[in-house]
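Peer 1: Below is one structure. I have some questions about it.
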Amino acid sequence: MRNRSGKEIRELFIEFWKEKGAARYPSFSLIPDDPSLLFTIAGMVPFKKYYLGLSTPPSQSAVTCQKCVRTNDIENVGRTARHHTFFEMLGNFSWGGYFKKEAVAWSWEFLTTRIGLDPSRLYASIYKDDSEAYDAWRNIAGLPEERIKRFGMDENYWFMSETGPCGPCSEIYYDRGEKYGCDRPDCGVGCDCDRYMEIWNLVFTQYDRQKDGSLLPLPRNNIDTGMGLERLTSVVQGVDTDYETDLFMPLIEYTCKRANVSYGSSAKNDLAVRVIVDHIRAVIFMLSDGVLPSNDGPGYVLRRLLRRAARYGRLLGFEGGFLREYMPALLDIMGDAYPDLVENRAAIEKIIDVEETRFDKTLSQGMDIFDSAVELLRSSGAFETGGENVLSGDVAFTLYDTFGFPFELTCEMAAEEGINVDKAGFDKAMQAQRERARAGSKQKKTSLAGDVYTELANDIPATVFTGYDRCADEGKIVAIISGGVLVDSIDKRGAEFELVLTITPFYAERGGEVGDTGTIKTSGAEMEVLNVTPKGGLSVHSVRLLSGSVTVGEEARAEVDNERRSAVRRNHSATHLLHEALSRVLGSHVRQAGSLVNDALLRFDFTHHEAMTQAQAEEAENIVNEQILANRQLIIGEYDREEARALGAKALFDEKYGSVVRVVSVPGFSVELCGGLHVNATGDIGLFKITREEGIGSGTRRITAVTGLNSLKTMQDETLLMSRVFGVLAADETNVESRLEDILSENKRLQRTIKEIQAKELALRAGDVFVKKEIKGLTLLTGKFSGSGVDSLRELGDGAKAKHSPVVVVMASVQESGDCALLVMADDAAVEMGVNAGTLVKEGAALLGGRGGGKANTAQGGGKDAGRLDDVLTKIESLLNAL
């Protein structure tokens, strides 16, 4: 067997199936159209609609190398030979074309002839009653009977969901040799040891399972196969694990060189290295497909993987940000197969850098939680009494799940403090999360339910859109939908419903651009178009009946509100100009992360790590207006994806494109893929004005802007406002700034004076405001106040500490809102006796329905339940009595 690279194997697979008549599809996005899945978890996910009969495939067979992400067992990554978050799945698919005989024969041909695997090491498993699969393996592939294994439905039958498409499957195994076995007499295919490794699964989707469990033949037989590229590469290259293939080793070698460690010399270091290289692959591919760090959904998974990788880097001694440095090595391995990585490199590196910097702050927060938990154990007296010093499993899981602390790290830190960790409690919390993750990621549990629109799309041709060239057109009403049900007619005035035309000039909302509005008229009815949305290949018009009655089959004239559309077009074209302007002002890492384009404004979300300066915003605004004044004619055309890429067209992060794409170009300035409506020339935009720049998430900024007459109106409003401000301040444009500074300065001075008076008043009353108690040799001073700020209380506390020692000062101030602020101060002598102000505040604030903390000498907190203030003081007394 020839030793081939992972790159070669990927291309060999694709070219082989192309020779068999399959259409090659580039890898689909990691974010699927299926709402039941967070990520694309298998090669068949993008084709699920074909298996369910919801859409007709453009060809009878296909081949892909699909990028996939599975995250239901993240904690196992790095511990096993082949568990990964990101992986590539080689797959060939057929819908009513070739079936079992060809699938078996060609898979055998590929593995033994193209790849060169030793036929004597190959085994196949089949469903126990699948005689057709058995005959194919025995008589076509020539596999000996003893190497064809029959299993039941649990092992060799595939279900998409409780009902629907299903069928038997056949798995191909490779015998890696006795040294990988378990030495059990019954060791064989299906054993849990590493000897017999499954490399390819062939699914024969031929039945439709009913609610009663019965199986009915599907109208056509289908093939769905999946083979992990990393796993096959490990077999071809003769290495023990996927990590030792050339798909991983350059990343591992870089990590080891940077950490000054040798791979294979330390199990602890090897684990950290494998976690880092696995997770960085997933992180980079997620970012390239438009996933941004967030606190939920795919963005949460991305953030968790990045933080976990960063934390394992700290275990190897890495300091500061380092993950972005993997980009060059990953591009060397995968850049040819996935050119989007190259195009999005700057944005990916910037987002990684920003997120990793933020993790340093998160790390500090996690350490605070750990330190507080340890301190709580100490204050409980367990250390001194010989009690059980165990850190809660819930705390360990919070550190793991929220702050990215590996469990092993928490155990190491706890051991340094003489504490054990509740592993059982941690495992329980982990198992609960794992079950939640599996429920959302198991492919056989997912569905892509059909509805009236998908059924309709299979029955009638796609809507012909003519709106690029015109604002009015005529077509036939082919469907009316009311309440999610097809109806023949509507005659109730004011009724709101949906209809589909054969031809429409109305743009359906997509890509952030709103749908058109206007009217649809028949010979006997008039309707107001409220919105238009895409449903598959159909444009669905949401309408309100103004007069008459409307019936399926009638001819209709559709007219777009051209004034509104023109405003939308101005804003959309301005968005393209803004995108390019931001790239020039801020850097090539800028990528669109979302948008809204309507007739009133444009809203543009983009990747950037910090707020824009006023100068940067003005520069971007000027660049856009310069292009508007240049009045450049837009060039719009359709190209295949490779031609568009050669033109330098920018593809948007979260958009999914077909094989033919529409390119919108502003000559000499910008080129983007876009299916929306645009002005004819940049001068049609009129004027561009940024009204707001703000942050909307980690590494993501948002600009709101207006164009045309809306820009003029904005400037007029600002001028009127400034005129009013001048009047109030008795100033003009020459001195308004200095006048404001004088007023603010005077206000600050008055605020300081008020605080000083309050502090002096409190100090004079100090003897009256504190209740004094002696507890075990220390003085406890407690005081209740109304409306006093924390700074004033702190000054009062400092004065009290100067008069007593050892002393604990507890001060509570009830605000007008009903909230209660709590401040505890202790002098050094009290701390030496075991007092911890942070612990006292934490316990007290909890009774107030809030929280707090701090250092041993000073801590503050508060809550909303001021009615329990007496309970708080009693609790603090009891804690001091327990010292």
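Here's how to read the names in the structure tokens: chain A, B, ... by the order shown, residue numbers from 1 in each chain, ligand numbers from 1 in the order shown.
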Which polymer residues have any atom within 7 Å of an atom of region 40-57 of chain A, counting only C-alpha atoms, with same-chain residues fewer than 2 positions away left out, as number ranges by chain?
Peer 2: A: 28, 30-32, 59-60, 66, 68-70, 89, 91, 165, 224, 226, 450, 454-455, 458
Peer 1: Quote the spacing between CA of Glu19 (chain A) and CA of Val104 (chain A) in Å to one decimal place.
Peer 2: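 We find that CA of Glu19 (chain A) and CA of Val104 (chain A) lie 15.9 Å from each other.
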Peer 1: For the helix (DSSP H, G or I) assignment from backbone DSSP, which residues of region 144-224 of chain A qualify? Please present them as a PyMOL selection string.
Peer 2: chain A and resi 145-147+153-156+178-180
Peer 1: What does the file look like for those residues with N, CA, C and O atoms, as an mmCIF file, in the first residue's frame?
Peer 2:
data_model
loop_
_atom_site.group_PDB
_atom_site.id
_atom_site.type_symbol
_atom_site.label_atom_id
_atom_site.label_comp_id
_atom_site.auth_asym_id
_atom_site.auth_seq_id
_atom_site.Cartn_x
_atom_site.Cartn_y
_atom_site.Cartn_z
ATOM 1 N N GLU A 145 -16.994 -15.623 3.122
ATOM 2 C CA GLU A 145 -18.167 -15.629 3.986
ATOM 3 C C GLU A 145 -17.812 -15.352 5.436
ATOM 4 O O GLU A 145 -18.567 -14.653 6.143
ATOM 5 N N GLU A 146 -16.661 -15.857 5.909
ATOM 6 C CA GLU A 146 -16.298 -15.663 7.315
ATOM 7 C C GLU A 146 -15.938 -14.208 7.629
ATOM 8 O O GLU A 146 -15.824 -13.841 8.797
ATOM 9 N N ARG A 147 -15.781 -13.376 6.609
ATOM 10 C CA ARG A 147 -15.478 -11.975 6.856
ATOM 11 C C ARG A 147 -16.680 -11.080 6.552
ATOM 12 O O ARG A 147 -16.543 -9.867 6.437
ATOM 13 N N MET A 153 -30.704 -4.999 14.293
ATOM 14 C CA MET A 153 -31.131 -3.650 13.946
ATOM 15 C C MET A 153 -30.377 -2.582 14.735
ATOM 16 O O MET A 153 -30.146 -1.481 14.239
ATOM 17 N N ASP A 154 -29.975 -2.887 15.960
ATOM 18 C CA ASP A 154 -29.260 -1.890 16.769
ATOM 19 C C ASP A 154 -27.918 -1.511 16.150
ATOM 20 O O ASP A 154 -27.471 -0.371 16.270
ATOM 21 N N GLU A 155 -27.259 -2.463 15.503
ATOM 22 C CA GLU A 155 -25.931 -2.214 14.949
ATOM 23 C C GLU A 155 -25.964 -1.836 13.473
ATOM 24 O O GLU A 155 -25.170 -1.008 13.025
ATOM 25 N N ASN A 156 -26.835 -2.437 12.701
ATOM 26 C CA ASN A 156 -26.761 -2.267 11.248
ATOM 27 C C ASN A 156 -28.087 -1.870 10.616
ATOM 28 O O ASN A 156 -28.510 -2.419 9.601
ATOM 29 N N GLU A 178 -2.900 -7.873 15.278
ATOM 30 C CA GLU A 178 -3.031 -8.415 16.627
ATOM 31 C C GLU A 178 -2.534 -7.458 17.710
ATOM 32 O O GLU A 178 -3.040 -7.452 18.823
ATOM 33 N N LYS A 179 -1.529 -6.647 17.382
ATOM 34 C CA LYS A 179 -0.966 -5.769 18.430
ATOM 35 C C LYS A 179 -1.981 -4.740 18.931
ATOM 36 O O LYS A 179 -1.803 -4.158 19.991
ATOM 37 N N TYR A 180 -3.050 -4.520 18.160
ATOM 38 C CA TYR A 180 -4.091 -3.585 18.585
ATOM 39 C C TYR A 180 -5.265 -4.306 19.246
ATOM 40 O O TYR A 180 -6.237 -3.664 19.638
#
Peer 1: Report, in Å with one decimal, the straight-line distance from CA of Lys773 (chain A) to CA of Arg851 (chain A).
Peer 2: 25.5 Å
Peer 1: Can you pull out every residue from region 691-780 of chain A that DSSP, working from the backbone, puts in strand (DSSP E or B), and format the result as a ChimeraX atom specification?
Peer 2: /A:691-697,700-707,770-775,778-780
Peer 1: Taking into account only C-alpha atoms, which residue in the set A:Thr607, A:Thr362, A:Thr225, A:Ser131 is nearest to Glu171 (chain A)?
Peer 2: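 Answer, going by the shortest atom-to-atom distance: A:Thr225.
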Peer 1: List the neighbours of Glu694 (chain A) out to 9 Å using only C-alpha atoms; skip same-chain residues closer than 3 positions along the sequence, and give me the result as a list in words.
Peer 2: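 Here the answer would be Ala611, Met612, Thr700, Arg701, Arg702, Ile703 and Thr704 of chain A.
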Peer 1: Taking only C-alpha atoms into account, which of A:Ala136, A:Val706, A:Val478, A:Ile490 comes nearest Thr502 (chain A)?
Peer 2: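 Closest to Thr502 (chain A), using only C-alpha atoms: A:Val478.
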Peer 1: Pick the closest to Gly783 (chain A) from A:Ile333, A:Leu823, A:Ala866, A:Leu744: which is it, counting only C-alpha atoms?
Peer 2: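 Selected residue with least distance to Gly783 (chain A): A:Leu823.
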Peer 1: Can you work out which one of A:Leu602, A:Ala62, A:Leu323, A:Ile172 has the shortest atom-to-atom distance to Tyr98 (chain A), counting only C-alpha atoms?
Peer 2: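 Among the listed residues, A:Ala62 lies closest to Tyr98 (chain A).
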Peer 1: From the list A:Val543, A:Leu793, A:Ala396, A:Ala103, which residue is nearest Ala429 (chain A) when using only C-alpha atoms?
Peer 2: A:Ala396
Peer 1: Using only C-alpha atoms for the distances, tell me which of A:Glu88, A:Asp828, A:Asp186, A:Asp192 is nearest to Gly228 (chain A).
Peer 2: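 Result for the nearest residue to Gly228 (chain A): A:Glu88.
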Peer 1: Do a neighbour search on Val487 (chain A) at 12 Å with only C-alpha atoms, toss out local chain neighbours closer than 2 positions, and write the hits as a count of residues only.
Peer 2: 21
Peer 1: Mind checking which residues fall within 7 Å of Thr163 (chain A), counting only C-alpha atoms, ignoring those fewer than 2 positions away in the same chain, and posting them as a count of residues only?
Peer 2: 4
Peer 1: I want to know what sits within 9 Å of Ser539 (chain A), based on only C-alpha atoms, with residues of the same chain fewer than 2 positions away left out; could you give that as an MDAnalysis selection string?
Peer 2: chainID A and resid 462:465 499:501 504 506:508 532:537 541
Peer 1: Grab the residues selected above and save them as a compact mmCIF listing (two decimals), in the first residue's frame with C-alpha atoms.
Peer 2:
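Output saved as again-v2.txt:
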# COMPACT_ATOMS: atom_id res chain seq x y z
CA ALA A 462 -40.40 28.04 -8.99
CA THR A 463 -41.55 31.65 -9.09
CA VAL A 464 -39.99 33.66 -11.92
CA PHE A 465 -38.54 36.88 -10.45
CA LEU A 499 -50.42 33.93 -2.34
CA VAL A 500 -47.97 32.70 -4.96
CA LEU A 501 -47.70 34.02 -8.52
CA THR A 504 -43.46 38.47 -9.77
CA PHE A 506 -41.58 41.68 -5.88
CA TYR A 507 -38.23 41.06 -4.19
CA ALA A 508 -38.46 38.47 -1.41
CA VAL A 532 -42.62 38.85 0.45
CA THR A 533 -40.62 35.90 1.77
CA PRO A 534 -38.76 33.08 0.00
CA LYS A 535 -39.95 29.52 0.58
CA GLY A 536 -37.68 27.24 -1.38
CA GLY A 537 -38.02 28.38 -4.98
CA HIS A 541 -46.59 37.29 -0.92
Peer 1: State, in Å with one decimal place, the distance from CA of Pro505 (chain A) to CA of Asp684 (chain A).
Peer 2: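 It comes out at 20.9 Å.
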Peer 1: List the neighbours of Gly708 (chain A) out to 7 Å using only C-alpha atoms; skip same-chain residues closer than 2 positions along the sequence, and give me the result as a list in words.
Peer 2: Ile685, Gly686, Leu687, Phe688, Asn710, Ser711 and Leu712 of chain A
